[in-house]
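Peer 1: Can you read through this structure? Questions will come right after.
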Amino acid sequence: MSTRNNIMVVDRQCSSKFEEGFAVHPDKIANEAYVNMYMHHDGYPEWQAVHIAKWLLSHNNGCQDGSRMASKLVHDMYYDSCYLQKTGSFQSDIEYIYTIWSGDKDKIHVTCWNIRANECEFVLTPKKIISKYNTNTNKEG
């Protein structure tokens, strides 16, 4: 079974326009995304959020401006069942939308929006995502 999801990269300054901050609904910021990448599989936080967090922490991926981060994200995470969506639109059957907030390498955050529950699942730093959701933490050191 597939857990469909999207990953967006948005400049963190955009969050200051909203009372909710980083917990803003993705529809309100979709037009601001550098990339809107549909991922067909494994969108639940225990996989996708951990995968994003590890990616951000590796090879200085979190130390890039939004446009560069977006292009590297597409390069590194592409597989046959994913594609780029037009900015500002989402497929109707996705379960999660992840927003990577770019623009400050020391304050990188990721938001997970649960579409079915219509609520923000979390706003966390990559290290906190790993400590909360990585079920293999003890095995990986």
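Lettering and numbering for the structure tokens are positional, with chains as A, B, ... in the shown order, residues counted from 1 in each chain, and ligands counted from 1 in the shown order.
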Identify, on the basis of only C-alpha atoms, every residue whose closest approach to stretch 122-138 of chain A does not exceed 10 Å; exclude the query and any residue fewer than 4 positions from it along the same chain; express the result as an MDAnalysis selection string.

Peer 2: chainID A and resid 21:23 44:57 62 98:101 106:114

Peer 1: Extract, using only C-alpha atoms, all DNA, RNA and protein residues at most 9 Å from A:Phe90, discarding same-chain residues fewer than 4 positions from it, and format them as a list in words.

Peer 2: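 Counting only the stated atoms, we get Asn6, Asp27, Ala30, Asn36, Tyr38, Gln85, Lys86 and Ile94 of chain A.
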
Peer 1: Taking N, CA and C atoms for each residue, export the selection above as a PDB file, in the first residue's frame.

Peer 2:
ATOM      1  N   ASN A   6       3.760  14.771  -0.509  1.00  0.00           N
ATOM      2  CA  ASN A   6       4.476  15.797  -1.248  1.00  0.00           C
ATOM      3  C   ASN A   6       5.555  16.372  -0.358  1.00  0.00           C
ATOM      4  N   ASP A  27      -1.659  24.732   1.723  1.00  0.00           N
ATOM      5  CA  ASP A  27      -2.365  25.456   0.660  1.00  0.00           C
ATOM      6  C   ASP A  27      -2.010  26.940   0.655  1.00  0.00           C
ATOM      7  N   ALA A  30       1.743  27.140  -0.898  1.00  0.00           N
ATOM      8  CA  ALA A  30       2.088  26.322  -2.064  1.00  0.00           C
ATOM      9  C   ALA A  30       2.649  27.145  -3.219  1.00  0.00           C
ATOM     10  N   ASN A  36       7.657  21.403  -5.608  1.00  0.00           N
ATOM     11  CA  ASN A  36       6.533  20.660  -5.051  1.00  0.00           C
ATOM     12  C   ASN A  36       6.645  19.260  -5.647  1.00  0.00           C
ATOM     13  N   TYR A  38       5.876  15.315  -5.735  1.00  0.00           N
ATOM     14  CA  TYR A  38       4.964  14.228  -5.366  1.00  0.00           C
ATOM     15  C   TYR A  38       5.763  12.947  -5.209  1.00  0.00           C
ATOM     16  N   GLN A  85       5.128  18.509  -9.348  1.00  0.00           N
ATOM     17  CA  GLN A  85       3.799  19.036  -9.597  1.00  0.00           C
ATOM     18  C   GLN A  85       3.888  20.538  -9.806  1.00  0.00           C
ATOM     19  N   LYS A  86       2.923  21.041 -10.503  1.00  0.00           N
ATOM     20  CA  LYS A  86       2.848  22.474 -10.707  1.00  0.00           C
ATOM     21  C   LYS A  86       2.765  23.161  -9.342  1.00  0.00           C
ATOM     22  N   ILE A  94      -3.155  12.518  -1.604  1.00  0.00           N
ATOM     23  CA  ILE A  94      -1.980  12.499  -0.731  1.00  0.00           C
ATOM     24  C   ILE A  94      -2.399  12.501   0.739  1.00  0.00           C
TER      25      ILE A  94
END

Peer 1: Can you pull out the residues contacting A:Lys72? Cut-off 8 Å, using only C-alpha atoms, and skip same-chain residues under 4 positions away; I want them as a list of chain:residue names.

Peer 2: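 That gives A:Asn61, A:Arg68, A:Asp76.
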
Peer 1: Write the residues of the selection above to a file with C-alpha atoms, as a PDB file, in the first residue's frame.

Peer 2:
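Done, and the output landed in part_11.pdb:
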ATOM      1  CA  ASN A  61      21.997  19.743   2.367  1.00  0.00           C
ATOM      2  CA  ARG A  68      19.675  25.100  -4.613  1.00  0.00           C
ATOM      3  CA  ASP A  76      18.798  12.960  -4.657  1.00  0.00           C
TER       4      ASP A  76
END

Peer 1: Compare A:His59, A:Lys105, A:Arg116, A:Ala33 by their minimum atom-to-atom distance to A:Asp93, counting only C-alpha atoms, and give me the closest one.

Peer 2: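 Nearest candidate to A:Asp93 out of A:His59, A:Lys105, A:Arg116, A:Ala33: A:Arg116.
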
Peer 1: Rank A:Met37, A:Glu121, A:Ile29, A:Ser16 by their smallest atom-to-atom distance to A:Tyr78, using only C-alpha atoms, and report the top residue only.

Peer 2: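 Among the listed residues, the smallest separation from A:Tyr78 belongs to A:Met37.
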